[in-house]
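Enquirer: Below is entry.txt; it holds compact mmCIF, C-alpha atoms.
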```
# COMPACT_ATOMS: atom_id res chain seq x y z
CA MET A 1 0.00 0.00 0.00
CA SER A 2 1.35 3.42 -0.75
CA ASN A 3 1.43 5.73 2.16
CA GLU A 4 2.21 9.35 2.16
CA THR A 5 4.36 10.38 5.06
CA SER A 6 4.46 13.95 6.17
CA ILE A 7 5.84 15.64 9.23
CA GLN A 8 3.51 17.98 11.00
CA THR A 9 4.52 20.28 13.78
CA HIS A 10 1.66 21.09 16.09
CA ARG A 11 3.28 22.80 19.05
CA SER A 12 6.85 23.82 19.39
CA ASP A 13 7.34 21.87 22.62
CA ALA A 14 5.54 18.73 21.44
CA PRO A 15 7.44 16.03 19.56
CA GLU A 16 6.99 15.93 15.84
CA LYS A 17 4.35 13.52 14.69
CA LEU A 18 4.44 11.37 11.63
CA GLU A 19 1.09 11.39 9.98
CA GLN A 20 0.31 8.55 7.64
CA LYS A 21 -2.55 8.83 5.24
CA PRO A 22 -3.47 6.18 2.76
CA THR A 23 -3.20 7.32 -0.83
CA THR A 24 -4.10 5.79 -4.13
CA ALA A 25 -2.69 6.22 -7.62
CA PRO A 26 -5.10 8.01 -9.93
CA PHE A 27 -5.81 6.57 -13.36
CA VAL A 28 -3.84 8.46 -15.99
CA ASP A 29 -3.55 8.81 -19.74
CA ILE A 30 -0.27 10.00 -21.21
CA TYR A 31 -0.19 11.61 -24.64
CA GLU A 32 2.56 13.12 -26.71
CA ASN A 33 2.72 15.31 -29.77
CA ALA A 34 5.48 17.32 -31.39
CA ASP A 35 5.17 20.14 -28.85
CA GLU A 36 4.45 18.57 -25.51
CA LEU A 37 3.72 15.63 -23.25
CA LEU A 38 0.25 15.65 -21.75
CA VAL A 39 -0.67 13.81 -18.55
CA VAL A 40 -4.39 13.42 -17.88
CA ALA A 41 -5.38 12.14 -14.45
CA ASP A 42 -8.76 11.31 -12.88
CA MET A 43 -8.97 13.04 -9.53
CA PRO A 44 -12.62 13.11 -8.51
CA GLY A 45 -13.55 15.13 -5.44
CA VAL A 46 -10.40 17.23 -5.51
CA ALA A 47 -10.82 21.02 -5.59
CA LYS A 48 -8.44 23.24 -7.50
CA ASP A 49 -6.60 24.50 -4.43
CA GLN A 50 -6.07 20.96 -3.15
CA VAL A 51 -3.84 19.89 -6.02
CA ALA A 52 -0.06 19.97 -5.73
CA ILE A 53 2.14 19.39 -8.76
CA ASN A 54 5.87 19.22 -8.21
CA PHE A 55 8.71 18.80 -10.63
CA ASN A 56 11.98 17.90 -9.00
CA LYS A 57 15.08 16.21 -10.43
CA GLY A 58 13.24 14.87 -13.43
CA GLN A 59 10.35 13.52 -11.39
CA LEU A 60 6.84 14.83 -11.76
CA THR A 61 4.65 14.30 -8.72
CA ILE A 62 0.94 14.95 -8.70
CA GLU A 63 -1.01 14.97 -5.48
CA GLY A 64 -4.62 15.74 -4.71
CA ARG A 65 -6.44 15.95 -1.43
CA ARG A 66 -10.09 15.11 -1.32
CA ALA A 67 -12.38 17.37 0.63
CA PRO A 68 -14.07 15.53 3.48
CA THR A 69 -17.60 14.52 2.52
CA THR A 70 -20.42 12.81 4.35
CA SER A 71 -18.89 10.80 7.14
CA THR A 72 -21.76 9.50 9.22
CA GLY A 73 -24.12 6.61 8.73
CA LEU A 74 -22.34 4.63 6.07
CA LEU A 75 -24.74 2.02 4.69
CA ALA A 76 -22.83 0.60 1.73
CA ALA A 77 -19.31 1.34 0.56
CA GLU A 78 -17.71 0.53 -2.76
CA TYR A 79 -14.74 2.80 -2.43
CA ARG A 80 -12.86 4.73 0.16
CA PRO A 81 -12.27 8.38 -0.68
CA VAL A 82 -8.52 8.54 -0.14
CA ASP A 83 -6.10 11.16 -1.40
CA PHE A 84 -4.31 10.79 -4.72
CA HIS A 85 -0.58 10.53 -5.25
CA ARG A 86 1.44 9.47 -8.27
CA ALA A 87 4.95 10.13 -9.52
CA PHE A 88 6.43 9.88 -13.01
CA LEU A 89 9.95 9.99 -14.33
CA VAL A 90 9.98 12.55 -17.10
CA PRO A 91 12.45 12.26 -19.98
CA GLN A 92 14.97 15.02 -20.50
CA GLY A 93 14.19 17.94 -22.74
CA ILE A 94 11.13 19.29 -20.95
CA ASP A 95 10.91 23.01 -20.53
CA THR A 96 10.27 22.96 -16.78
CA GLU A 97 9.51 26.68 -16.61
CA LYS A 98 6.51 26.29 -18.87
CA ILE A 99 4.75 23.33 -17.24
CA SER A 100 1.09 24.19 -16.84
CA ALA A 101 -1.96 22.39 -15.50
CA GLU A 102 -5.71 22.72 -15.48
CA LEU A 103 -8.45 20.96 -13.57
CA GLN A 104 -11.97 20.48 -14.86
CA HIS A 105 -14.72 18.19 -13.60
CA GLY A 106 -12.21 16.31 -11.47
CA VAL A 107 -9.85 15.64 -14.38
CA LEU A 108 -6.35 17.09 -14.12
CA ARG A 109 -4.33 17.89 -17.25
CA VAL A 110 -0.63 18.61 -16.93
CA HIS A 111 1.10 20.03 -20.01
CA LEU A 112 4.84 19.42 -20.22
CA PRO A 113 6.13 21.42 -23.18
CA LYS A 114 9.24 20.15 -24.92
CA SER A 115 12.19 22.48 -24.98
CA ALA A 116 12.96 24.17 -28.28
CA SER A 117 16.01 21.99 -29.01
CA LEU A 118 13.88 18.83 -29.06
CA LYS A 119 11.12 20.02 -31.29
CA PRO A 120 11.25 18.85 -34.88
CA ARG A 121 12.55 21.57 -37.12
CA GLN A 122 12.60 21.98 -40.80
CA ILE A 123 15.86 23.21 -42.19
CA ALA A 124 15.47 25.49 -45.12
CA VAL A 125 17.84 24.80 -47.97
CA LYS A 126 19.44 27.88 -49.36
CA ALA A 127 20.37 28.25 -52.91
CA GLY A 128 24.15 28.58 -53.24
CA MET B 1 14.24 -10.13 -30.97
CA ALA B 2 11.68 -9.27 -28.35
CA ARG B 3 9.15 -6.84 -29.63
CA TRP B 4 8.66 -3.64 -27.70
CA THR B 5 4.96 -4.30 -27.42
CA ASP B 6 5.71 -7.48 -25.43
CA ILE B 7 7.80 -5.54 -22.96
CA ASP B 8 5.16 -2.84 -22.74
CA ARG B 9 2.60 -5.46 -22.02
CA THR B 10 4.69 -7.02 -19.25
CA LEU B 11 5.18 -3.61 -17.67
CA ASP B 12 1.46 -2.98 -17.93
CA MET B 13 0.77 -6.23 -16.11
CA MET B 14 3.17 -5.26 -13.34
CA ASP B 15 1.46 -1.89 -12.99
CA GLU B 16 -1.89 -3.60 -12.85
CA LEU B 17 -0.65 -5.97 -10.15
CA ARG B 18 0.60 -3.06 -8.07
CA ARG B 19 -2.71 -1.30 -8.45
CA ARG B 20 -4.54 -4.38 -7.33
CA MET B 21 -2.33 -4.80 -4.28
CA ASP B 22 -3.09 -1.17 -3.41
CA TRP B 23 -6.73 -1.74 -4.04
CA MET B 24 -6.78 -4.77 -1.77
CA PHE B 25 -5.79 -2.60 1.16
CA THR B 26 -7.93 0.43 0.40
CA GLU B 27 -11.08 -1.45 -0.60
CA PRO B 28 -13.45 -1.54 2.34
CA GLU B 29 -14.58 -4.96 3.49
CA ARG B 30 -17.71 -6.07 1.75
CA GLY B 31 -20.05 -8.67 3.10
CA ARG B 32 -20.14 -10.55 -0.15
CA ALA B 33 -16.57 -9.86 -1.17
CA ARG B 34 -14.67 -12.57 -2.93
CA PRO B 35 -11.58 -13.83 -1.14
CA ALA B 36 -9.25 -10.91 -1.65
CA PHE B 37 -6.34 -12.87 -3.03
CA ARG B 38 -8.37 -14.70 -5.60
CA ALA B 39 -10.05 -11.49 -6.61
CA LEU B 40 -6.60 -10.06 -7.26
CA PHE B 41 -5.91 -12.37 -10.12
CA ASP B 42 -9.07 -13.87 -11.52
CA ASP B 43 -9.81 -11.06 -13.94
CA MET B 44 -6.23 -10.15 -14.65
CA GLU B 45 -6.54 -11.31 -18.23
CA ARG B 46 -9.41 -9.00 -19.04
CA PRO B 47 -8.32 -6.50 -21.65
CA ALA B 48 -10.37 -3.66 -20.25
CA ARG B 49 -9.03 -1.79 -17.28
CA ALA B 50 -12.41 -0.44 -16.34
CA PRO B 51 -13.71 -1.66 -12.98
CA SER B 52 -16.64 -4.05 -13.20
CA ALA B 53 -19.11 -1.51 -11.84
CA TRP B 54 -18.67 2.10 -12.73
CA PRO B 55 -19.03 4.50 -11.07
CA ALA B 56 -18.29 3.19 -7.60
CA VAL B 57 -20.78 4.59 -5.10
CA ASN B 58 -21.05 5.05 -1.35
CA LEU B 59 -24.42 5.30 0.36
CA PHE B 60 -24.96 7.07 3.67
CA ASP B 61 -27.88 7.42 6.04
CA THR B 62 -27.68 10.77 7.79
CA GLY B 63 -30.87 10.32 9.80
CA ASN B 64 -33.32 12.44 7.85
CA ALA B 65 -31.85 11.79 4.45
CA LEU B 66 -30.04 9.26 2.33
CA VAL B 67 -26.88 10.50 0.63
CA LEU B 68 -25.35 8.76 -2.36
CA GLU B 69 -21.85 9.71 -3.48
CA ALA B 70 -20.20 8.57 -6.68
CA ASP B 71 -16.87 9.35 -8.33
CA VAL B 72 -17.63 10.50 -11.87
CA PRO B 73 -14.42 12.20 -13.03
CA GLY B 74 -14.79 14.04 -16.32
CA LEU B 75 -18.56 14.08 -16.32
CA SER B 76 -20.50 17.33 -16.32
CA GLU B 77 -24.10 17.72 -15.17
CA LYS B 78 -25.33 17.25 -18.75
CA GLU B 79 -23.80 13.81 -19.09
CA ILE B 80 -25.41 12.21 -16.03
CA TYR B 81 -28.94 10.90 -16.15
CA LEU B 82 -30.48 10.24 -12.76
CA SER B 83 -33.96 8.97 -12.04
CA ILE B 84 -35.80 7.65 -9.03
CA GLN B 85 -38.92 5.54 -9.26
CA ASP B 86 -40.46 4.26 -6.06
CA ASP B 87 -37.38 3.18 -4.16
CA VAL B 88 -35.15 2.42 -7.14
CA LEU B 89 -32.49 4.90 -8.11
CA THR B 90 -31.01 4.67 -11.60
CA LEU B 91 -27.79 6.29 -12.67
CA LYS B 92 -26.98 6.34 -16.37
CA GLY B 93 -24.60 8.09 -18.65
CA GLU B 94 -21.60 7.91 -20.83
CA ARG B 95 -18.08 9.06 -20.34
CA LYS B 96 -16.84 9.85 -23.81
CA SER B 97 -13.25 9.57 -24.85
CA ASP B 98 -11.46 12.83 -24.23
CA ALA B 99 -8.32 11.90 -26.16
CA PRO B 100 -6.88 15.06 -27.70
CA GLN B 101 -6.52 15.21 -31.48
CA GLY B 102 -3.11 14.80 -33.02
CA TYR B 103 -1.46 13.14 -30.03
CA THR B 104 0.01 9.67 -29.75
CA ALA B 105 -1.07 7.79 -26.65
CA HIS B 106 1.64 6.28 -24.47
CA ARG B 107 -0.65 5.07 -21.76
CA ARG B 108 -4.40 4.77 -21.49
CA GLU B 109 -5.95 3.92 -18.16
CA ARG B 110 -9.01 6.15 -18.33
CA ALA B 111 -11.20 4.15 -20.64
CA PRO B 112 -14.36 5.70 -22.06
CA ILE B 113 -17.35 3.92 -20.61
CA GLN B 114 -21.12 3.69 -20.90
CA PHE B 115 -22.77 2.95 -17.62
CA ALA B 116 -26.14 2.21 -16.11
CA ARG B 117 -26.57 1.18 -12.51
CA SER B 118 -29.68 0.76 -10.42
CA PHE B 119 -29.91 0.63 -6.65
CA SER B 120 -32.81 -0.21 -4.42
CA LEU B 121 -32.86 2.29 -1.61
CA PRO B 122 -33.54 1.05 1.90
CA CYS B 123 -36.62 3.28 2.24
CA ARG B 124 -38.96 5.53 0.29
CA VAL B 125 -37.67 9.01 -0.40
CA ASP B 126 -39.37 12.36 -0.87
CA LEU B 127 -38.78 13.27 -4.50
CA GLU B 128 -39.67 16.91 -3.87
CA LYS B 129 -36.78 17.20 -1.44
CA THR B 130 -34.18 15.41 -3.51
CA SER B 131 -31.23 17.19 -5.02
CA ALA B 132 -28.20 16.11 -7.00
CA VAL B 133 -24.99 18.07 -7.35
CA VAL B 134 -21.86 17.29 -9.32
CA LYS B 135 -18.73 19.14 -8.30
CA ASP B 136 -15.13 18.37 -9.23
CA GLY B 137 -16.18 15.00 -10.60
CA LEU B 138 -17.96 13.94 -7.44
CA LEU B 139 -21.71 13.34 -7.65
CA THR B 140 -23.71 13.82 -4.46
CA VAL B 141 -27.38 12.89 -4.41
CA THR B 142 -29.23 13.97 -1.27
CA MET B 143 -32.64 12.37 -0.82
CA ALA B 144 -34.89 13.30 2.08
CA LYS B 145 -36.61 10.25 3.49
CA ALA B 146 -40.36 10.00 2.98
CA PRO B 147 -42.36 11.18 6.03
CA GLU B 148 -43.20 7.62 7.07
CA ALA B 149 -39.52 6.67 7.00
CA GLN B 150 -38.32 9.64 9.04
CA PRO B 151 -36.96 8.79 12.46
CA ARG B 152 -39.43 9.70 15.16
CA GLN B 153 -39.03 9.83 18.87
CA ILE B 154 -41.73 8.06 20.81
CA GLN B 155 -42.43 9.50 24.19
CA VAL B 156 -42.38 6.92 26.94
CA GLN B 157 -45.13 7.50 29.44
CA ALA B 158 -45.24 6.49 33.07
CA LYS B 159 -48.34 4.72 34.21
```
Could you spell out this file's structure in structure tokens?
Expert:
Amino acid sequence: MSNETSIQTHRSDAPEKLEQKPTTAPFVDIYENADELLVVADMPGVAKDQVAINFNKGQLTIEGRRAPTTSTGLLAAEYRPVDFHRAFLVPQGIDTEKISAELQHGVLRVHLPKSASLKPRQIAVKAG
Amino acid sequence: MARWTDIDRTLDMMDELRRRMDWMFTEPERGRARPAFRALFDDMERPARAPSAWPAVNLFDTGNALVLEADVPGLSEKEIYLSIQDDVLTLKGERKSDAPQGYTAHRRERAPIQFARSFSLPCRVDLEKTSAVVKDGLLTVTMAKAPEAQPRQIQVQAK
């Protein structure tokens, strides 16, 4: 099971606590065209301000926290609403400054544009 | 020479196995659940990655109302058809493919799906006081219980 471990400091005199929350990997599609890589992830129940996307040392991490919903009187359960977490190794040649993301209807899209040197280029032939 | 598609397929299987191990721990216990370990493997060969019942739902009883929650990522309010007749709730719709044009796909886990599920609710509900909201891909249906199903306190009298 994947667990996300985070250190939380509550009071300065209290010992640090390790909080473990279960997480699950969201379903993703990965697409590529000449300009960019596109990662599409299903993150139902996650609001826009609860998404964290990090790019560090060639690793793209997407995280989403679900807002707490109804919690009392569970009659039948088919899923447990746990937070989302997934990491990808990204090939070199991504323009990290221009990574962008959007979230709509619980679907996250992360655009990873390729840097200019990797894009296909047509070389014009000059007449001599 | 091994073909790349074979290797891809092996990697896919390993991913799937990992997902299932995760799922085994996060899936709440169900009364009629299959033995977890057998369930891990017995549909491994299915080509589709879609879960057998989509969307997964949770049902709550909050006292005065029944609340149904379902994960419907990618669906807007126009793509969900919800009806209640007597005590049967039906959820229908289609999640269309949202593959962008002109891209090659490296990985596809979010399959397009047509779904229809029906549930018998544990009591009658008041249709006038029923609402359904979809927000961030999470559908929440709040159904007030019918007057005869509302909890009622009975005063105990001394004699």
Enquirer: Which distance in Å separates atom CA of Arg117 of chain B and atom CA of Ala65 of chain B, to one decimal?
Expert: 20.7 Å
Enquirer: Could you give me, as a list in words, the residues within 12 Å of Leu82 of chain B, counting all atoms listed in the file and dropping anything in the same chain fewer than 3 positions from it?
Expert: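 Everything that qualifies: Leu68, Glu77, Lys78, Glu79, Gln85, Val88, Leu89, Thr90, Leu91, Lys92, Gly93, Phe115, Ala116, Arg117, Ser118, Phe119, Thr130, Ser131, Ala132, Val133, Val134, Leu139, Thr140 and Val141 of chain B.
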Enquirer: What are the closest atom pairs, with distances in Å to one decimal, for each residue of chain A lying within 9 Å of chain B, using all atoms listed in the file, rows by chain and rising residue number, as CSV?
Expert:
```
residue,atom,partner,partner_atom,distance
A:Met1,CA,B:Asp22,CA,4.7
A:Ser2,CA,B:Asp22,CA,6.9
A:Pro22,CA,B:Thr26,CA,7.7
A:Thr23,CA,B:Thr26,CA,8.4
A:Thr24,CA,B:Asp22,CA,7.1
A:Ala25,CA,B:Arg19,CA,7.6
A:Phe27,CA,B:Glu109,CA,5.5
A:Val28,CA,B:Glu109,CA,5.5
A:Asp29,CA,B:Arg108,CA,4.5
A:Ile30,CA,B:Arg107,CA,5.0
A:Tyr31,CA,B:Ala105,CA,4.4
A:Glu32,CA,B:Tyr103,CA,5.2
A:Asn33,CA,B:Tyr103,CA,4.7
A:Ala34,CA,B:Tyr103,CA,8.2
A:Leu37,CA,B:Tyr103,CA,8.9
A:Leu38,CA,B:Tyr103,CA,8.8
A:Val40,CA,B:Arg110,CA,8.6
A:Ala41,CA,B:Arg110,CA,8.0
A:Asp42,CA,B:Pro73,CA,5.7
A:Met43,CA,B:Pro73,CA,6.5
A:Pro44,CA,B:Gly137,CA,4.5
A:Gly45,CA,B:Leu138,CA,5.0
A:Val46,CA,B:Asp136,CA,6.1
A:Ala47,CA,B:Asp136,CA,6.2
A:Lys48,CA,B:Asp136,CA,8.5
A:Thr69,CA,B:Glu69,CA,8.8
A:Thr70,CA,B:Phe60,CA,7.3
A:Ser71,CA,B:Phe60,CA,7.9
A:Thr72,CA,B:Thr62,CA,6.2
A:Gly73,CA,B:Asp61,CA,4.7
A:Leu74,CA,B:Phe60,CA,4.3
A:Leu75,CA,B:Phe60,CA,5.2
A:Ala76,CA,B:Leu59,CA,5.1
A:Ala77,CA,B:Asn58,CA,4.5
A:Glu78,CA,B:Ala56,CA,5.6
A:Tyr79,CA,B:Glu27,CA,5.9
A:Arg80,CA,B:Glu27,CA,6.5
A:Pro81,CA,B:Asp71,CA,9.0
A:Val82,CA,B:Thr26,CA,8.1
A:Leu103,CA,B:Asp136,CA,8.4
A:Gln104,CA,B:Asp136,CA,6.8
A:His105,CA,B:Asp136,CA,4.4
A:Gly106,CA,B:Asp136,CA,4.2
A:Val107,CA,B:Gly74,CA,5.5
```
Enquirer: Would you mind telling me which residue in A:Asn56, A:Asp35, A:His85, A:Ala101 lies nearest to Ser115 of chain A when using only C-alpha atoms?
Expert: A:Asp35
Enquirer: For a test of reading the model, state the distance in Å between atom CA of Met13 of chain B and atom CA of Leu108 of chain A, rounded to one decimal.
Expert: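 Pair atom CA of Met13 of chain B / atom CA of Leu108 of chain A returns 24.5 Å.
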Enquirer: Mind listing as number ranges by chain all residues within 6 Å of (-6.9, 16.2, -3.8), counting only C-alpha atoms?
Expert: A: 46, 50-51, 64-66, 83
Enquirer: Would you pick out the contacts of Lys129 of chain B at 10 Å or less, using only C-alpha atoms, so that residues sharing its chain but fewer than 5 positions from it are not included, and give the list as a ChimeraX atom specification?
Expert: /B:65,142-146
Enquirer: Write out as a ChimeraX atom specification each polymer residue whose atoms come within 8 Å of segment 87-98 of chain A, counting only C-alpha atoms; drop sequence neighbours fewer than 6 positions from it.
Expert: /A:55,58-62,112-115,117-118
